[in-house]
Amino acid sequence: MNDSINKTSIWTNQIVYEDNHIIIINKLPSEIVQGDKTGDLPLSEKIKNYIKQRDLKPGNVFCGVIHRLDRPVSGLIIFAKTSKALSRFNELFREKTIQKSYLAVVKNKPPKKKDTLVHYLIKNEKTNVSKAFNMPNKNTTKAELEYEVIGSSDNYHLLKIKLLTGRHHQIRCQLSAISSPIKGDLKYGFDRTNEGGFIHLHSYLLQFIHPIKKEEILISALPISRDPIWVYFSKLNQVLKH
């Protein structure tokens with residue numbers, strides 16, 4: 001890969017799956033999925049630049065944003081390479097037929113080794129923070145996830161999380177609600193930030209039936225990170241057991 005691609009695009013080791021319809025990227029926590037007020041180059045534009053130069057395409061390259069990850073979160077994210085794929089995958093997300101699993105590092109061990117959390121969330125539009133309630137209130141939305149503690153160090157615990165709903169800051173908010181905020185997540189109750197502003201939350205697994213190829217796709221990837229805590233937990237064999 002030449003320097004011109006390096007400066008404007010993704011690194012090839014971030015591409016974990018690609019076909020004629022989609023490309024799946026292992027996002028770094030510093031990256032944004034699509035443009036925002038920061039003006040930083042988003043992943044969607046990096047992918048366009050990469051494909052345009054790699055495939056020597058003379059015209060515009062299509063890259064549709066199907067879903068999102070918060071900027072401080074790393075992990076797997078799908079982009080559509082055609083408008084047909086964008087439409088089909090949007091439908092999969094609406095139907096909630098894509099399984100998404102995450103890894104999270106917390107300081108306070110949850111009360112149970114394995115559990116299903118049910119809360120009712122409300123988003124504060126001014127602060128961009130969600131708050132969890134144990135019972136439904138006016139304007140709240142039900143949020144569910146399953147977690148399992150799959151590893152521990154002297155100071156931290158690794159959780160595997162399966163999302164059952166997709167709400168604003170859901171994992172961050174629900175873990176905070178059980179007094180197990182994610183490491184580095186100052187917004188949701190952790191006592192200090194991580195260097196670089198990332199949080200220890202990683203989207204590590206996607207499983208779905210490809211709506212065009214009609215094949216089962218199962219993709220998993222660990223964080224692309226030299227962070228010592230991620231490195232420590234990445235050595236545990238059980239991390240990528242589905």
# chains A, B, ... in the order shown; residues from 1 in each chain; ligands from 1
$ select_by_dssp --residues "range 17-215 of chain A" --states "strand (DSSP E or B)" --output "ChimeraX atom specification"
/A:17-18,22-27,64-65,74-80,99-106,114-124,129-133,141-152,157-163,182,201-209
$ residues_around --residues "range 222-231 of chain A" --least-positions-apart "5" --cutoff "10 Å" --atoms "only C-alpha atoms" --output "ChimeraX atom specification"
/A:13-14,26-29,73-76,102-105,153,156-158,194-195,200-205,236,239-240
$ write_last_selection --atoms "N, CA and C atoms" --output "CSV table (one decimal), in the first residue's frame"
chain,number,residue,atom,x,y,z
A,13,ASN,N,-5.0,-4.0,7.5
A,13,ASN,CA,-5.3,-5.0,8.6
A,13,ASN,C,-6.5,-4.6,9.4
A,14,GLN,N,-7.2,-3.5,9.0
A,14,GLN,CA,-8.5,-3.2,9.6
A,14,GLN,C,-9.6,-3.9,8.9
A,26,ASN,N,-12.5,-3.3,11.3
A,26,ASN,CA,-12.2,-3.3,12.7
A,26,ASN,C,-11.8,-1.9,13.1
A,27,LYS,N,-12.8,-1.1,13.6
A,27,LYS,CA,-12.6,0.3,13.8
A,27,LYS,C,-11.7,0.6,15.0
A,28,LEU,N,-10.8,1.6,14.9
A,28,LEU,CA,-10.0,2.1,16.0
A,28,LEU,C,-10.9,3.1,16.8
A,29,PRO,N,-10.6,3.2,18.1
A,29,PRO,CA,-11.4,4.0,18.9
A,29,PRO,C,-11.3,5.5,18.6
A,73,VAL,N,-15.3,3.9,21.1
A,73,VAL,CA,-15.5,2.5,21.1
A,73,VAL,C,-14.8,1.9,19.9
A,74,SER,N,-14.2,0.7,20.0
A,74,SER,CA,-13.6,0.1,18.9
A,74,SER,C,-14.4,-1.1,18.4
A,75,GLY,N,-14.0,-1.6,17.2
A,75,GLY,CA,-14.6,-2.9,16.8
A,75,GLY,C,-15.3,-2.9,15.5
A,76,LEU,N,-16.0,-4.0,15.2
A,76,LEU,CA,-16.5,-4.4,13.9
A,76,LEU,C,-17.7,-3.5,13.5
A,102,TYR,N,-20.1,-7.9,22.3
A,102,TYR,CA,-19.0,-6.9,22.6
A,102,TYR,C,-18.2,-7.5,23.8
A,103,LEU,N,-17.0,-6.9,23.9
A,103,LEU,CA,-16.1,-7.2,25.0
A,103,LEU,C,-16.0,-5.8,25.8
A,104,ALA,N,-16.1,-5.9,27.1
A,104,ALA,CA,-16.0,-4.7,28.0
A,104,ALA,C,-15.1,-5.1,29.2
A,105,VAL,N,-14.3,-4.1,29.5
A,105,VAL,CA,-13.5,-4.2,30.7
A,105,VAL,C,-14.0,-3.3,31.8
A,153,SER,N,-8.4,-10.0,35.9
A,153,SER,CA,-7.0,-9.8,36.3
A,153,SER,C,-7.0,-9.3,37.8
A,156,TYR,N,-9.2,-5.8,37.2
A,156,TYR,CA,-10.3,-5.6,36.2
A,156,TYR,C,-10.9,-6.9,35.8
A,157,HIS,N,-12.1,-6.8,35.2
A,157,HIS,CA,-12.9,-8.0,34.8
A,157,HIS,C,-13.3,-7.8,33.3
A,158,LEU,N,-13.2,-8.9,32.6
A,158,LEU,CA,-13.6,-8.9,31.2
A,158,LEU,C,-15.0,-9.5,31.0
A,194,ASN,N,-9.0,7.1,30.0
A,194,ASN,CA,-7.9,6.4,29.5
A,194,ASN,C,-7.1,7.4,28.7
A,195,GLU,N,-5.8,7.2,28.5
A,195,GLU,CA,-5.0,8.0,27.7
A,195,GLU,C,-5.4,7.9,26.3
A,200,HIS,N,-12.8,1.0,27.2
A,200,HIS,CA,-12.6,-0.4,27.0
A,200,HIS,C,-13.9,-1.1,26.7
A,201,LEU,N,-14.4,-0.8,25.5
A,201,LEU,CA,-15.5,-1.4,24.9
A,201,LEU,C,-15.3,-1.7,23.5
A,202,HIS,N,-15.4,-3.0,23.1
A,202,HIS,CA,-15.1,-3.4,21.7
A,202,HIS,C,-16.1,-4.3,21.1
A,203,SER,N,-16.6,-3.9,19.9
A,203,SER,CA,-17.5,-4.8,19.2
A,203,SER,C,-16.7,-5.9,18.5
A,204,TYR,N,-16.8,-7.1,19.1
A,204,TYR,CA,-15.9,-8.2,18.6
A,204,TYR,C,-16.6,-9.2,17.7
A,205,LEU,N,-17.9,-9.3,17.7
A,205,LEU,CA,-18.5,-10.3,16.9
A,205,LEU,C,-19.8,-9.8,16.2
A,236,LEU,N,-6.4,-14.6,26.7
A,236,LEU,CA,-7.3,-15.6,27.2
A,236,LEU,C,-8.0,-16.4,26.1
A,239,VAL,N,-11.9,-15.8,25.1
A,239,VAL,CA,-12.4,-14.5,24.7
A,239,VAL,C,-13.2,-14.7,23.4
A,240,LEU,N,-12.7,-15.5,22.5
A,240,LEU,CA,-13.4,-15.6,21.2
A,240,LEU,C,-14.3,-16.9,21.0
$ closest_atom_pairs --of "range 59-101 of chain A" --to "range 30-49 of chain A" --cutoff "8 Å" --atoms "only C-alpha atoms" --output "tab-separated table"
residue	atom	partner	partner_atom	distance
A:Val61	CA	A:Lys48	CA	5.5
A:Phe62	CA	A:Lys48	CA	6.8
A:Cys63	CA	A:Ser44	CA	6.0
A:Gly64	CA	A:Ser44	CA	7.3
A:Val65	CA	A:Ser44	CA	6.9
A:Arg68	CA	A:Val33	CA	6.2
A:Leu69	CA	A:Val33	CA	6.9
A:Asp70	CA	A:Ile32	CA	7.5
A:Arg71	CA	A:Ile32	CA	5.2
A:Pro72	CA	A:Ser30	CA	6.2
A:Phe79	CA	A:Ser44	CA	7.6
$ residues_around --residues "Asn137 in chain A" --least-positions-apart "5" --cutoff "9 Å" --atoms "only C-alpha atoms" --output "list in words"
Tyr120, Leu121 and Ile122 of chain A
$ write_last_selection --atoms "C-alpha atoms" --output "short mmCIF file (atom, residue, chain, number, x, y, z; two decimals), in the first residue's frame"
data_model
loop_
_atom_site.label_atom_id
_atom_site.label_comp_id
_atom_site.auth_asym_id
_atom_site.auth_seq_id
_atom_site.Cartn_x
_atom_site.Cartn_y
_atom_site.Cartn_z
CA TYR A 120 -35.55 1.61 30.80
CA LEU A 121 -33.44 4.35 29.26
CA ILE A 122 -34.00 7.99 28.52
#
$ atom_distance --atom1 "CA of Ile182 in chain A" --atom2 "CA of Phe208 in chain A"
26.9 Å
$ select_by_dssp --residues "range 7-230 of chain A" --states "alpha helix (DSSP H)" --output "MDAnalysis selection string"
chainID A and resid 7:8 43:54 83:95 170:177 228:230
$ closest_residue --among "A:Asn108, A:Ser101, A:Asn139, A:Ser180" --to "Gln207 in chain A" --atoms "only C-alpha atoms"
A:Ser101
$ closest_residue --among "A:Ser130, A:Thr141, A:Gln99, A:Thr193" --to "Ile171 in chain A" --atoms "only C-alpha atoms"
A:Ser130
$ residues_around --residues "Leu117 in chain A" --least-positions-apart "3" --cutoff "8 Å" --atoms "only C-alpha atoms" --output "mmCIF file with N, CA and C atoms, in the first residue's frame"
data_model
loop_
_atom_site.group_PDB
_atom_site.id
_atom_site.type_symbol
_atom_site.label_atom_id
_atom_site.label_comp_id
_atom_site.auth_asym_id
_atom_site.auth_seq_id
_atom_site.Cartn_x
_atom_site.Cartn_y
_atom_site.Cartn_z
ATOM 1 N N ALA A 143 -34.413 -1.498 27.366
ATOM 2 C CA ALA A 143 -33.086 -1.925 26.914
ATOM 3 C C ALA A 143 -32.738 -3.247 27.583
ATOM 4 N N GLU A 144 -32.254 -4.198 26.784
ATOM 5 C CA GLU A 144 -31.894 -5.517 27.293
ATOM 6 C C GLU A 144 -30.540 -5.944 26.742
ATOM 7 N N LEU A 145 -29.763 -6.583 27.599
ATOM 8 C CA LEU A 145 -28.519 -7.200 27.161
ATOM 9 C C LEU A 145 -28.207 -8.380 28.064
ATOM 10 N N GLU A 146 -27.402 -9.291 27.540
ATOM 11 C CA GLU A 146 -26.889 -10.408 28.317
ATOM 12 C C GLU A 146 -25.397 -10.201 28.519
ATOM 13 N N TYR A 147 -24.904 -10.496 29.730
ATOM 14 C CA TYR A 147 -23.465 -10.408 29.949
ATOM 15 C C TYR A 147 -22.975 -11.672 30.643
ATOM 16 N N GLN A 174 -26.086 0.755 30.914
ATOM 17 C CA GLN A 174 -26.581 -0.356 31.731
ATOM 18 C C GLN A 174 -25.510 -0.903 32.670
#
$ closest_residue --among "A:Ile66, A:Ala85, A:Val16, A:Val118" --to "Lys213 in chain A" --atoms "only C-alpha atoms"
A:Ala85
